[in-house]
>>> print(open('run.cif').read())   # mmCIF, C-alpha atoms
data_input
loop_
_atom_site.group_PDB
_atom_site.id
_atom_site.type_symbol
_atom_site.label_atom_id
_atom_site.label_comp_id
_atom_site.auth_asym_id
_atom_site.auth_seq_id
_atom_site.Cartn_x
_atom_site.Cartn_y
_atom_site.Cartn_z
ATOM 1 C CA MET A 10 17.278 4.291 6.591
ATOM 2 C CA SER A 11 18.721 2.608 3.531
ATOM 3 C CA GLN A 12 16.910 -0.206 1.740
ATOM 4 C CA MET A 13 13.483 0.947 2.952
ATOM 5 C CA ARG A 14 10.488 -0.250 0.967
ATOM 6 C CA LEU A 15 6.940 0.893 0.540
ATOM 7 C CA LEU A 16 4.362 -0.840 2.692
ATOM 8 C CA LEU A 17 2.420 -2.171 -0.253
ATOM 9 C CA LEU A 18 5.407 -3.698 -2.023
ATOM 10 C CA ALA A 19 6.643 -5.259 1.200
ATOM 11 C CA LEU A 20 3.317 -6.829 2.101
ATOM 12 C CA LEU A 21 2.868 -8.198 -1.403
ATOM 13 C CA THR A 22 6.384 -9.636 -1.415
ATOM 14 C CA LEU A 23 6.151 -11.129 2.047
ATOM 15 C CA CYS A 24 2.735 -12.653 1.519
ATOM 16 C CA PHE A 25 3.258 -14.062 -1.968
ATOM 17 C CA ARG A 26 6.090 -16.592 -1.842
ATOM 18 C CA PRO A 27 4.866 -19.526 -3.911
ATOM 19 C CA ALA A 28 7.009 -22.626 -3.472
ATOM 20 C CA VAL A 29 6.280 -23.838 -6.977
ATOM 21 C CA ALA A 30 4.512 -20.865 -8.476
ATOM 22 C CA GLN A 31 2.207 -21.355 -11.431
ATOM 23 C CA GLU A 32 0.655 -18.001 -12.328
ATOM 24 C CA ALA A 33 -0.299 -14.617 -10.919
ATOM 25 C CA GLN A 34 -3.266 -12.433 -11.781
ATOM 26 C CA VAL A 35 -2.655 -8.773 -10.986
ATOM 27 C CA PHE A 36 -5.449 -6.226 -10.668
ATOM 28 C CA PHE A 37 -5.075 -2.667 -11.856
ATOM 29 C CA THR A 38 -8.210 -0.758 -10.776
ATOM 30 C CA GLY A 39 -11.149 -1.203 -8.466
ATOM 31 C CA GLU A 40 -13.252 0.099 -5.635
ATOM 32 C CA GLN A 41 -14.064 -0.929 -2.083
ATOM 33 C CA ASN A 42 -16.582 0.133 0.548
ATOM 34 C CA PHE A 43 -17.307 -0.911 4.126
ATOM 35 C CA HIS A 44 -18.510 0.488 7.449
ATOM 36 C CA TYR A 45 -16.435 0.235 10.623
ATOM 37 C CA SER A 46 -17.820 0.713 14.120
ATOM 38 C CA GLN A 47 -16.187 0.446 17.547
ATOM 39 C CA LEU A 48 -17.977 -1.694 20.087
ATOM 40 C CA PHE A 49 -18.929 0.601 22.984
ATOM 41 C CA GLY A 50 -16.931 3.528 21.588
ATOM 42 C CA PRO A 51 -16.982 6.514 19.189
ATOM 43 C CA PHE A 52 -14.593 5.239 16.488
ATOM 44 C CA ASN A 53 -16.816 4.623 13.472
ATOM 45 C CA GLY A 54 -17.341 5.685 9.900
ATOM 46 C CA ASP A 55 -17.300 4.612 6.267
ATOM 47 C CA PHE A 56 -14.198 3.531 4.361
ATOM 48 C CA THR A 57 -14.632 4.194 0.653
ATOM 49 C CA VAL A 58 -11.842 3.945 -1.871
ATOM 50 C CA GLU A 59 -11.759 3.980 -5.652
ATOM 51 C CA GLY A 60 -8.807 4.280 -7.972
ATOM 52 C CA GLU A 61 -5.639 2.739 -9.237
ATOM 53 C CA ILE A 62 -2.561 1.429 -7.481
ATOM 54 C CA ASP A 63 0.491 0.751 -9.633
ATOM 55 C CA THR A 64 0.425 -3.017 -9.197
ATOM 56 C CA THR A 65 3.813 -3.460 -10.854
ATOM 57 C CA GLN A 66 5.414 -1.682 -7.891
ATOM 58 C CA TRP A 67 2.574 -1.465 -5.345
ATOM 59 C CA ILE A 68 2.897 2.284 -5.038
ATOM 60 C CA PRO A 69 -0.339 4.096 -4.191
ATOM 61 C CA THR A 70 -1.478 7.382 -5.614
ATOM 62 C CA LEU A 71 -1.197 10.383 -3.319
ATOM 63 C CA THR A 72 -4.920 10.286 -2.574
ATOM 64 C CA GLU A 73 -6.277 6.772 -2.791
ATOM 65 C CA GLY A 74 -6.293 3.523 -4.704
ATOM 66 C CA ILE A 75 -6.887 -0.204 -4.521
ATOM 67 C CA GLY A 76 -5.185 -3.205 -6.080
ATOM 68 C CA GLY A 77 -4.576 -6.877 -5.493
ATOM 69 C CA ALA A 78 -3.278 -10.143 -6.813
ATOM 70 C CA ILE A 79 -4.064 -13.831 -6.808
ATOM 71 C CA ALA A 80 -1.038 -16.125 -6.739
ATOM 72 C CA ALA A 81 -0.746 -19.906 -6.899
ATOM 73 C CA MET A 82 0.998 -21.057 -3.716
ATOM 74 C CA ASP A 83 2.306 -24.422 -4.806
ATOM 75 C CA SER A 84 2.024 -27.193 -7.369
ATOM 76 C CA THR A 85 -1.291 -28.373 -5.896
ATOM 77 C CA GLY A 86 -2.978 -25.257 -7.279
ATOM 78 C CA ALA A 87 -3.689 -23.702 -3.876
ATOM 79 C CA GLU A 88 -4.170 -19.944 -4.180
ATOM 80 C CA GLN A 89 -4.016 -16.846 -2.032
ATOM 81 C CA LEU A 90 -5.520 -13.421 -2.604
ATOM 82 C CA LEU A 91 -4.199 -10.125 -1.252
ATOM 83 C CA THR A 92 -6.059 -6.871 -1.821
ATOM 84 C CA LEU A 93 -4.961 -3.529 -0.385
ATOM 85 C CA ALA A 94 -6.883 -0.259 -0.276
ATOM 86 C CA VAL A 95 -5.046 2.987 0.568
ATOM 87 C CA LYS A 96 -6.297 6.481 1.427
ATOM 88 C CA THR A 97 -4.323 9.613 2.302
ATOM 89 C CA ASN A 98 -5.660 11.411 5.356
ATOM 90 C CA VAL A 99 -5.012 14.997 4.285
ATOM 91 C CA ASP A 100 -7.305 16.479 6.946
ATOM 92 C CA VAL A 101 -4.992 15.461 9.795
ATOM 93 C CA ASP A 102 -1.608 15.498 8.078
ATOM 94 C CA THR A 103 0.186 13.250 5.668
ATOM 95 C CA THR A 104 -0.866 9.944 7.155
ATOM 96 C CA TRP A 105 -2.435 6.927 5.488
ATOM 97 C CA HIS A 106 -5.301 4.552 6.116
ATOM 98 C CA VAL A 107 -4.641 1.073 4.727
ATOM 99 C CA PHE A 108 -7.115 -1.813 4.639
ATOM 100 C CA GLY A 109 -6.042 -5.276 3.555
ATOM 101 C CA VAL A 110 -7.688 -8.630 2.950
ATOM 102 C CA LEU A 111 -5.584 -11.777 2.862
ATOM 103 C CA TYR A 112 -7.475 -14.904 1.761
ATOM 104 C CA ARG A 113 -5.752 -18.272 1.626
ATOM 105 C CA ALA A 114 -7.529 -21.171 -0.035
ATOM 106 C CA ALA A 115 -6.558 -24.847 -0.065
ATOM 107 C CA GLY A 116 -7.461 -24.961 -3.740
ATOM 108 C CA THR A 117 -8.550 -22.555 -6.465
ATOM 109 C CA ILE A 118 -10.448 -19.449 -5.369
ATOM 110 C CA VAL A 119 -13.950 -19.948 -6.745
ATOM 111 C CA GLU A 120 -17.294 -18.231 -6.435
ATOM 112 C CA GLY A 121 -19.112 -18.941 -3.213
ATOM 113 C CA THR A 122 -19.044 -18.391 0.521
ATOM 114 C CA VAL A 123 -15.825 -18.397 2.508
ATOM 115 C CA PRO A 124 -14.160 -18.898 4.941
ATOM 116 C CA ASN A 125 -14.640 -22.616 5.455
ATOM 117 C CA ALA A 126 -12.667 -25.576 6.769
ATOM 118 C CA SER A 127 -10.189 -25.346 3.882
ATOM 119 C CA SER A 128 -9.690 -21.552 3.786
ATOM 120 C CA ALA A 129 -8.861 -18.580 6.014
ATOM 121 C CA VAL A 130 -9.468 -14.836 5.680
ATOM 122 C CA GLN A 131 -7.620 -12.123 7.608
ATOM 123 C CA PHE A 132 -8.370 -8.399 7.712
ATOM 124 C CA PHE A 133 -6.094 -5.570 8.802
ATOM 125 C CA LEU A 134 -6.800 -1.845 9.092
ATOM 126 C CA LEU A 135 -3.932 0.597 9.701
ATOM 127 C CA TRP A 136 -5.375 3.918 10.839
ATOM 128 C CA ASN A 137 -3.211 7.037 10.556
ATOM 129 C CA LEU A 138 -0.141 5.117 9.442
ATOM 130 C CA ASP A 139 2.649 7.671 9.668
ATOM 131 C CA SER A 140 4.743 6.410 6.769
ATOM 132 C CA LEU A 141 4.504 4.141 3.753
ATOM 133 C CA ALA A 142 8.204 3.349 4.146
ATOM 134 C CA LEU A 143 9.197 0.355 6.237
ATOM 135 C CA PRO A 144 12.090 -0.260 8.609
ATOM 136 C CA THR A 145 15.050 -2.080 7.118
ATOM 137 C CA GLU A 146 14.495 -5.176 9.218
ATOM 138 C CA LEU A 147 11.170 -6.935 8.806
ATOM 139 C CA PRO A 148 10.234 -10.417 9.988
ATOM 140 C CA ASP A 149 10.759 -13.061 7.331
ATOM 141 C CA SER A 150 7.306 -14.403 7.960
ATOM 142 C CA LEU A 151 3.853 -14.924 6.500
ATOM 143 C CA ASP A 152 2.373 -13.795 9.833
ATOM 144 C CA ILE A 153 0.519 -10.528 9.145
ATOM 145 C CA GLN A 154 0.440 -9.679 12.856
ATOM 146 C CA GLU A 155 4.213 -9.944 13.071
ATOM 147 C CA ILE A 156 4.650 -7.742 9.984
ATOM 148 C CA LEU A 157 2.254 -5.084 11.286
ATOM 149 C CA GLY A 158 4.110 -5.005 14.592
ATOM 150 C CA ALA A 159 7.008 -3.237 12.852
ATOM 151 C CA LEU A 160 4.803 -0.319 11.729
ATOM 152 C CA SER A 161 3.760 2.877 13.510
ATOM 153 C CA ALA A 162 0.091 3.876 13.366
ATOM 154 C CA GLU A 163 -2.572 5.342 15.628
ATOM 155 C CA HIS A 164 -4.519 2.074 15.357
ATOM 156 C CA LYS A 165 -3.418 -1.308 13.996
ATOM 157 C CA PHE A 166 -6.494 -3.485 13.793
ATOM 158 C CA ILE A 167 -6.234 -7.136 12.854
ATOM 159 C CA GLY A 168 -9.061 -9.620 12.648
ATOM 160 C CA ALA A 169 -10.896 -12.275 10.714
ATOM 161 C CA ALA A 170 -13.875 -12.527 8.433
ATOM 162 C CA THR A 171 -17.176 -13.581 9.915
ATOM 163 C CA ALA A 172 -18.546 -13.755 6.378
ATOM 164 C CA MET A 173 -17.087 -13.454 2.895
ATOM 165 C CA ASN A 174 -18.617 -14.279 -0.451
ATOM 166 C CA ILE A 175 -16.819 -14.378 -3.801
ATOM 167 C CA THR A 176 -19.720 -13.179 -5.936
ATOM 168 C CA HIS A 177 -17.919 -13.249 -9.289
ATOM 169 C CA ARG A 178 -14.610 -14.372 -10.695
ATOM 170 C CA ASP A 179 -13.638 -14.660 -14.328
ATOM 171 C CA SER A 180 -10.672 -13.729 -16.521
ATOM 172 C CA THR A 181 -11.272 -9.977 -16.095
ATOM 173 C CA THR A 182 -13.224 -9.471 -12.858
ATOM 174 C CA LEU A 183 -13.195 -10.381 -9.173
ATOM 175 C CA ASN A 184 -16.016 -9.220 -6.889
ATOM 176 C CA TYR A 185 -16.570 -10.116 -3.248
ATOM 177 C CA THR A 186 -18.518 -9.024 -0.164
ATOM 178 C CA PHE A 187 -17.305 -9.314 3.415
ATOM 179 C CA SER A 188 -17.813 -8.549 7.101
ATOM 180 C CA GLY A 189 -15.844 -9.303 10.237
ATOM 181 C CA MET A 190 -14.326 -8.116 13.503
ATOM 182 C CA ALA A 191 -10.872 -6.724 14.305
ATOM 183 C CA VAL A 192 -8.935 -5.884 17.480
ATOM 184 C CA ASP A 193 -6.420 -3.073 17.994
ATOM 185 C CA MET A 194 -3.040 -4.777 18.431
ATOM 186 C CA ASP A 195 -1.880 -2.082 20.878
ATOM 187 C CA ASN A 196 -5.119 -1.834 22.847
ATOM 188 C CA THR A 197 -7.019 -5.101 22.859
ATOM 189 C CA SER A 198 -10.049 -3.491 24.516
ATOM 190 C CA THR A 199 -10.630 -1.543 21.277
ATOM 191 C CA ILE A 200 -12.670 -3.777 18.984
ATOM 192 C CA ILE A 201 -14.366 -2.792 15.738
ATOM 193 C CA THR A 202 -16.897 -4.506 13.519
ATOM 194 C CA ILE A 203 -16.591 -4.334 9.745
ATOM 195 C CA THR A 204 -19.896 -4.553 7.918
ATOM 196 C CA GLY A 205 -21.338 -4.001 4.468
ATOM 197 C CA GLY A 206 -18.003 -4.712 2.787
ATOM 198 C CA SER A 207 -17.991 -4.748 -1.013
ATOM 199 C CA THR A 208 -15.013 -4.994 -3.378
ATOM 200 C CA GLN A 209 -14.922 -4.880 -7.187
ATOM 201 C CA LEU A 210 -11.654 -5.390 -9.054
ATOM 202 C CA GLN A 211 -11.229 -5.222 -12.813
ATOM 203 C CA GLY A 212 -8.644 -5.446 -15.534
ATOM 204 C CA PHE A 213 -6.072 -7.881 -14.225
ATOM 205 C CA VAL A 214 -3.523 -9.569 -16.434
ATOM 206 C CA MET A 215 -2.083 -13.062 -16.204
ATOM 207 C CA SER A 216 1.654 -13.664 -16.165
ATOM 208 C CA ALA A 217 4.165 -16.076 -14.715
ATOM 209 C CA VAL A 218 5.243 -15.370 -11.155
ATOM 210 C CA GLU A 219 8.899 -14.410 -11.198
ATOM 211 C CA PRO A 220 11.288 -15.404 -8.405
ATOM 212 C CA LEU A 221 11.824 -12.726 -5.792
ATOM 213 C CA GLN A 222 14.358 -10.193 -6.977
ATOM 214 C CA PRO A 223 17.049 -8.567 -4.863
ATOM 215 C CA ARG A 224 15.902 -5.460 -3.053
ATOM 216 C CA GLN A 225 15.742 -2.376 -5.212
ATOM 217 C CA PRO A 226 17.205 0.946 -4.133
ATOM 218 C CA SER A 227 15.221 2.683 -1.404
ATOM 219 C CA LEU A 228 12.079 4.589 -2.378
ATOM 220 C CA ASP A 229 12.682 6.841 0.610
ATOM 221 C CA LEU A 230 13.470 10.436 -0.395
ATOM 222 C CA ARG A 231 15.861 11.847 2.210
ATOM 223 C CA LEU A 232 15.482 15.612 2.714
ATOM 224 C CA SER A 233 17.918 17.916 4.510
ATOM 225 C CA PRO A 234 17.148 20.275 6.098
ATOM 226 C CA ASN A 235 13.511 19.447 6.788
ATOM 227 C CA PRO A 236 11.723 21.681 7.816
ATOM 228 C CA PHE A 237 13.457 24.172 5.527
ATOM 229 C CA ASN A 238 13.350 27.684 4.050
ATOM 230 C CA PRO A 239 13.621 28.073 1.111
ATOM 231 C CA ASP A 240 15.849 25.203 -0.171
ATOM 232 C CA THR A 241 16.173 21.553 0.768
ATOM 233 C CA GLU A 242 18.538 18.879 -0.501
ATOM 234 C CA MET A 243 17.012 15.668 -1.888
ATOM 235 C CA ARG A 244 19.015 12.440 -1.662
ATOM 236 C CA PHE A 245 17.795 9.326 -3.464
ATOM 237 C CA ALA A 246 19.002 6.201 -5.253
ATOM 238 C CA LEU A 247 18.459 4.987 -8.816
ATOM 239 C CA SER A 248 18.568 1.460 -10.205
ATOM 240 C CA ARG A 249 19.091 2.690 -13.784
ATOM 241 C CA PRO A 250 20.545 5.831 -15.375
ATOM 242 C CA GLY A 251 18.332 8.432 -16.969
ATOM 243 C CA GLU A 252 16.324 11.620 -16.684
ATOM 244 C CA VAL A 253 14.531 12.312 -13.379
ATOM 245 C CA GLU A 254 11.421 14.466 -13.007
ATOM 246 C CA LEU A 255 10.261 16.132 -9.774
ATOM 247 C CA ARG A 256 6.542 16.400 -9.022
ATOM 248 C CA VAL A 257 5.302 18.448 -6.071
ATOM 249 C CA HIS A 258 1.808 18.027 -4.607
ATOM 250 C CA ASP A 259 0.165 19.994 -1.827
ATOM 251 C CA MET A 260 -1.731 18.248 0.973
ATOM 252 C CA GLN A 261 -4.972 18.374 -1.007
ATOM 253 C CA GLY A 262 -3.332 16.229 -3.658
ATOM 254 C CA ARG A 263 -3.018 19.067 -6.193
ATOM 255 C CA LEU A 264 0.008 19.087 -8.480
ATOM 256 C CA VAL A 265 1.721 22.444 -7.856
ATOM 257 C CA GLN A 266 5.016 21.927 -9.675
ATOM 258 C CA ARG A 267 6.519 19.617 -12.260
ATOM 259 C CA LYS A 268 10.178 19.968 -13.207
ATOM 260 C CA VAL A 269 12.866 17.910 -14.953
ATOM 261 C CA LEU A 270 15.897 17.780 -12.654
ATOM 262 C CA GLY A 271 18.277 16.390 -15.260
ATOM 263 C CA SER A 272 19.984 13.059 -15.953
ATOM 264 C CA PHE A 273 21.598 10.927 -13.248
ATOM 265 C CA GLY A 274 23.600 7.715 -13.121
ATOM 266 C CA VAL A 275 22.961 4.490 -11.202
ATOM 267 C CA GLY A 276 23.259 4.689 -7.403
ATOM 268 C CA ASP A 277 23.096 7.578 -4.969
ATOM 269 C CA ALA A 278 22.130 10.994 -6.319
ATOM 270 C CA VAL A 279 21.530 14.490 -4.967
ATOM 271 C CA ALA A 280 19.293 17.336 -6.195
ATOM 272 C CA ARG A 281 17.749 20.439 -4.644
ATOM 273 C CA TRP A 282 14.227 21.819 -4.410
ATOM 274 C CA HIS A 283 13.608 25.545 -4.078
ATOM 275 C CA GLY A 284 10.352 26.302 -2.293
ATOM 276 C CA GLY A 285 10.583 30.064 -2.612
ATOM 277 C CA GLY A 286 7.316 31.749 -3.539
ATOM 278 C CA ARG A 287 5.178 28.971 -2.061
ATOM 279 C CA PRO A 288 3.205 29.277 1.185
ATOM 280 C CA SER A 289 4.358 27.572 4.366
ATOM 281 C CA GLY A 290 3.080 24.026 4.807
ATOM 282 C CA SER A 291 3.685 20.393 3.935
ATOM 283 C CA TYR A 292 4.341 19.162 0.397
ATOM 284 C CA MET A 293 4.709 15.685 -1.065
ATOM 285 C CA LEU A 294 7.771 15.427 -3.298
ATOM 286 C CA SER A 295 8.013 12.520 -5.723
ATOM 287 C CA LEU A 296 10.726 11.693 -8.237
ATOM 288 C CA TRP A 297 9.854 9.875 -11.456
ATOM 289 C CA GLN A 298 11.926 8.134 -14.099
ATOM 290 C CA GLN A 299 10.374 6.921 -17.359
ATOM 291 C CA GLY A 300 6.906 6.908 -15.782
ATOM 292 C CA SER A 301 7.932 5.006 -12.632
ATOM 293 C CA LEU A 302 8.175 6.396 -9.112
ATOM 294 C CA VAL A 303 11.730 6.168 -7.786
ATOM 295 C CA ALA A 304 11.490 8.135 -4.510
ATOM 296 C CA GLN A 305 9.005 10.131 -2.455
ATOM 297 C CA GLY A 306 8.896 12.028 0.823
ATOM 298 C CA ARG A 307 7.228 14.864 2.701
ATOM 299 C CA ALA A 308 8.821 18.301 2.884
ATOM 300 C CA VAL A 309 7.822 20.982 5.401
ATOM 301 C CA LEU A 310 8.353 24.588 4.284
ATOM 302 C CA LEU A 311 8.468 27.095 7.163
ATOM 303 C CA LYS A 312 8.752 30.830 6.641
#
>>> encode(input="run.cif", output="structure tokens")
Amino acid sequence: MSQMRLLLLALLTLCFRPAVAQEAQVFFTGEQNFHYSQLFGPFNGDFTVEGEIDTTQWIPTLTEGIGGAIAAMDSTGAEQLLTLAVKTNVDVDTTWHVFGVLYRAAGTIVEGTVPNASSAVQFFLLWNLDSLALPTELPDSLDIQEILGALSAEHKFIGAATAMNITHRDSTTLNYTFSGMAVDMDNTSTIITITGGSTQLQGFVMSAVEPLQPRQPSLDLRLSPNPFNPDTEMRFALSRPGEVELRVHDMQGRLVQRKVLGSFGVGDAVARWHGGGRPSGSYMLSLWQQGSLVAQGRAVLLK
């Protein structure tokens, strides 16, 4: 389970590999809404997300968030856009719903209707994704379908836009509307329509695209035992020395504990969490260092 990476970071890294990169524009906050409906079936509802994803690491909040980036693909100025919206499904358990839009243009992304002969738009909806951590081995590919094949979810829909319109783009804002259809990769008879899609992204910054860096230590927090009562051991890895803080959230996203664990060196580290005095149930444990998430995982306390 070493070298595992969060879904968002992996998708961003795999999709954005500019041959001769020029610039990237990274979004910090936004909102997205659309309706999904199964053809001849009961799977339907509204997907609404608003909030911030840490776009420097592509780590979602525990509840929801959206972020994205535009990157120049090559020296011709061709661009591609990836936006990802994430929601935690706390009603069922700690699972995630993830919706992504990948838009590749032959030139600069400009206001107007897409797709067209020189562009392509793909959608994907991961329903009840059971983990934001990925297997060690992922396809070295730009094929979204191949990447999604390595993940475990109740539904893995992939499809294309039937309509998309970039309604506004300037130095601080990107807005677009969309609709389309998607098919469940594991059950091709399950087809959904996506309608009424609307996305607003604000507050991106412009910076040079850096070459891909070597993989960072795993963001997977390894817990043993798990389930546990009342103590569990937390194993994690750090890329820099320093003080580590533990934050504990319940399944409603409420912060129930915040504690400094102490200072640790680079590499593998071990700490313990005592759940005594708390009710049985699932908790999200996250470790932070200088404001950045370094590891997270779910702990199950049974009494």
>>> resolve_selection(input="run.cif", expression="the PyMOL selection byres ((chain A and resi 285) around 10)", output="ChimeraX atom specification")
/A:238-240,282-284,286-289,310,312
>>> write_last_selection(input="run.cif", atoms="C-alpha atoms", output="mmCIF file, in the coordinates of the input")
data_model
loop_
_atom_site.group_PDB
_atom_site.id
_atom_site.type_symbol
_atom_site.label_atom_id
_atom_site.label_comp_id
_atom_site.auth_asym_id
_atom_site.auth_seq_id
_atom_site.Cartn_x
_atom_site.Cartn_y
_atom_site.Cartn_z
ATOM 1 C CA ASN A 238 13.350 27.684 4.050
ATOM 2 C CA PRO A 239 13.621 28.073 1.111
ATOM 3 C CA ASP A 240 15.849 25.203 -0.171
ATOM 4 C CA TRP A 282 14.227 21.819 -4.410
ATOM 5 C CA HIS A 283 13.608 25.545 -4.078
ATOM 6 C CA GLY A 284 10.352 26.302 -2.293
ATOM 7 C CA GLY A 286 7.316 31.749 -3.539
ATOM 8 C CA ARG A 287 5.178 28.971 -2.061
ATOM 9 C CA PRO A 288 3.205 29.277 1.185
ATOM 10 C CA SER A 289 4.358 27.572 4.366
ATOM 11 C CA LEU A 310 8.353 24.588 4.284
ATOM 12 C CA LYS A 312 8.752 30.830 6.641
#
>>> resolve_selection(input="run.cif", expression="the PyMOL selection byres ((chain A and resi 48-52) around 9)", output="PyMOL selection string")
chain A and resi 45-47+53-54+199-202
>>> write_last_selection(input="run.cif", atoms="C-alpha atoms", output="PDB file, keeping the file's coordinate frame")
ATOM      1  CA  TYR A  45     -16.435   0.235  10.623  1.00  0.00           C
ATOM      2  CA  SER A  46     -17.820   0.713  14.120  1.00  0.00           C
ATOM      3  CA  GLN A  47     -16.187   0.446  17.547  1.00  0.00           C
ATOM      4  CA  ASN A  53     -16.816   4.623  13.472  1.00  0.00           C
ATOM      5  CA  GLY A  54     -17.341   5.685   9.900  1.00  0.00           C
ATOM      6  CA  THR A 199     -10.630  -1.543  21.277  1.00  0.00           C
ATOM      7  CA  ILE A 200     -12.670  -3.777  18.984  1.00  0.00           C
ATOM      8  CA  ILE A 201     -14.366  -2.792  15.738  1.00  0.00           C
ATOM      9  CA  THR A 202     -16.897  -4.506  13.519  1.00  0.00           C
TER      10      THR A 202
END
>>> closest_residue(input="run.cif", among="A:Leu247, A:Leu183, A:Met194, A:Ile156", to="Glu120 of chain A", atoms="only C-alpha atoms")
A:Leu183
>>> atom_distance(input="run.cif", atom1="atom CA of Ser188 of chain A", atom2="atom CA of Val95 of chain A")
18.4 Å
>>> resolve_selection(input="run.cif", expression="the PyMOL selection byres ((chain A and resi 173) around 9)", output="PyMOL selection string")
chain A and resi 121-124+130+170-172+174-175+185-189+206
>>> write_last_selection(input="run.cif", atoms="C-alpha atoms", output="PDB file, keeping the file's coordinate frame")
ATOM      1  CA  GLY A 121     -19.112 -18.941  -3.213  1.00  0.00           C
ATOM      2  CA  THR A 122     -19.044 -18.391   0.521  1.00  0.00           C
ATOM      3  CA  VAL A 123     -15.825 -18.397   2.508  1.00  0.00           C
ATOM      4  CA  PRO A 124     -14.160 -18.898   4.941  1.00  0.00           C
ATOM      5  CA  VAL A 130      -9.468 -14.836   5.680  1.00  0.00           C
ATOM      6  CA  ALA A 170     -13.875 -12.527   8.433  1.00  0.00           C
ATOM      7  CA  THR A 171     -17.176 -13.581   9.915  1.00  0.00           C
ATOM      8  CA  ALA A 172     -18.546 -13.755   6.378  1.00  0.00           C
ATOM      9  CA  ASN A 174     -18.617 -14.279  -0.451  1.00  0.00           C
ATOM     10  CA  ILE A 175     -16.819 -14.378  -3.801  1.00  0.00           C
ATOM     11  CA  TYR A 185     -16.570 -10.116  -3.248  1.00  0.00           C
ATOM     12  CA  THR A 186     -18.518  -9.024  -0.164  1.00  0.00           C
ATOM     13  CA  PHE A 187     -17.305  -9.314   3.415  1.00  0.00           C
ATOM     14  CA  SER A 188     -17.813  -8.549   7.101  1.00  0.00           C
ATOM     15  CA  GLY A 189     -15.844  -9.303  10.237  1.00  0.00           C
ATOM     16  CA  GLY A 206     -18.003  -4.712   2.787  1.00  0.00           C
TER      17      GLY A 206
END
>>> residues_around(input="run.cif", residues="Gly271 of chain A", least_positions_apart="3", cutoff="12 Å", atoms="all atoms listed in the file", output="PyMOL selection string")
chain A and resi 250-255+268+274+278-281+296-298
>>> residues_around(input="run.cif", residues="Gln305 of chain A", least_positions_apart="5", cutoff="9 Å", atoms="all atoms listed in the file", output="VMD selection string")
chain A and resid 228 to 231 245 293 to 296
>>> atom_distance(input="run.cif", atom1="atom CA of Ala129 of chain A", atom2="atom CA of Ala115 of chain A")
9.0 Å
>>> atom_distance(input="run.cif", atom1="atom CA of Val303 of chain A", atom2="atom CA of His258 of chain A")
15.8 Å
>>> closest_residue(input="run.cif", among="A:Gln211, A:His106, A:Gln89, A:Pro236", to="Arg178 of chain A", atoms="all atoms listed in the file")
A:Gln211
>>> closest_residue(input="run.cif", among="A:Gly74, A:Gly300, A:Gly168, A:Gly39", to="Gln154 of chain A", atoms="all atoms listed in the file")
A:Gly168
>>> closest_residue(input="run.cif", among="A:Gly109, A:Gly77, A:Gly276, A:Gly290", to="Ala191 of chain A", atoms="all atoms listed in the file")
A:Gly109
>>> axis_aligned_box(input="run.cif", around="segment 37-44 of chain A", padding_each_side="4 Å", output="lines of an AutoDock Vina configuration file")
center_x = -11.8
center_y = -1.1
center_z = -2.2
size_x = 21.4
size_y = 11.2
size_z = 27.3
>>> closest_residue(input="run.cif", among="A:Leu311, A:Val275, A:Leu111, A:Ile79", to="Leu134 of chain A", atoms="all atoms listed in the file")
A:Leu111
>>> residues_around(input="run.cif", residues="Trp136 of chain A", least_positions_apart="4", cutoff="12 Å", atoms="all atoms listed in the file", output="list in words")
Tyr45, Phe52, Asn53, Phe56, Ala94, Val95, Lys96, Thr97, Asn98, Val101, Thr104, Trp105, His106, Val107, Phe108, Gly109, Ser140, Leu157, Leu160, Ser161, Ala162, Glu163, His164, Lys165, Phe166, Ile167, Asp193 and Met194 of chain A
>>> residues_near_point(input="run.cif", point="(-9.8, -0.6, -8.1)", cutoff="9 Å", atoms="all atoms listed in the file", output="PyMOL selection string")
chain A and resi 36-41+58-62+74-77+94+208-212
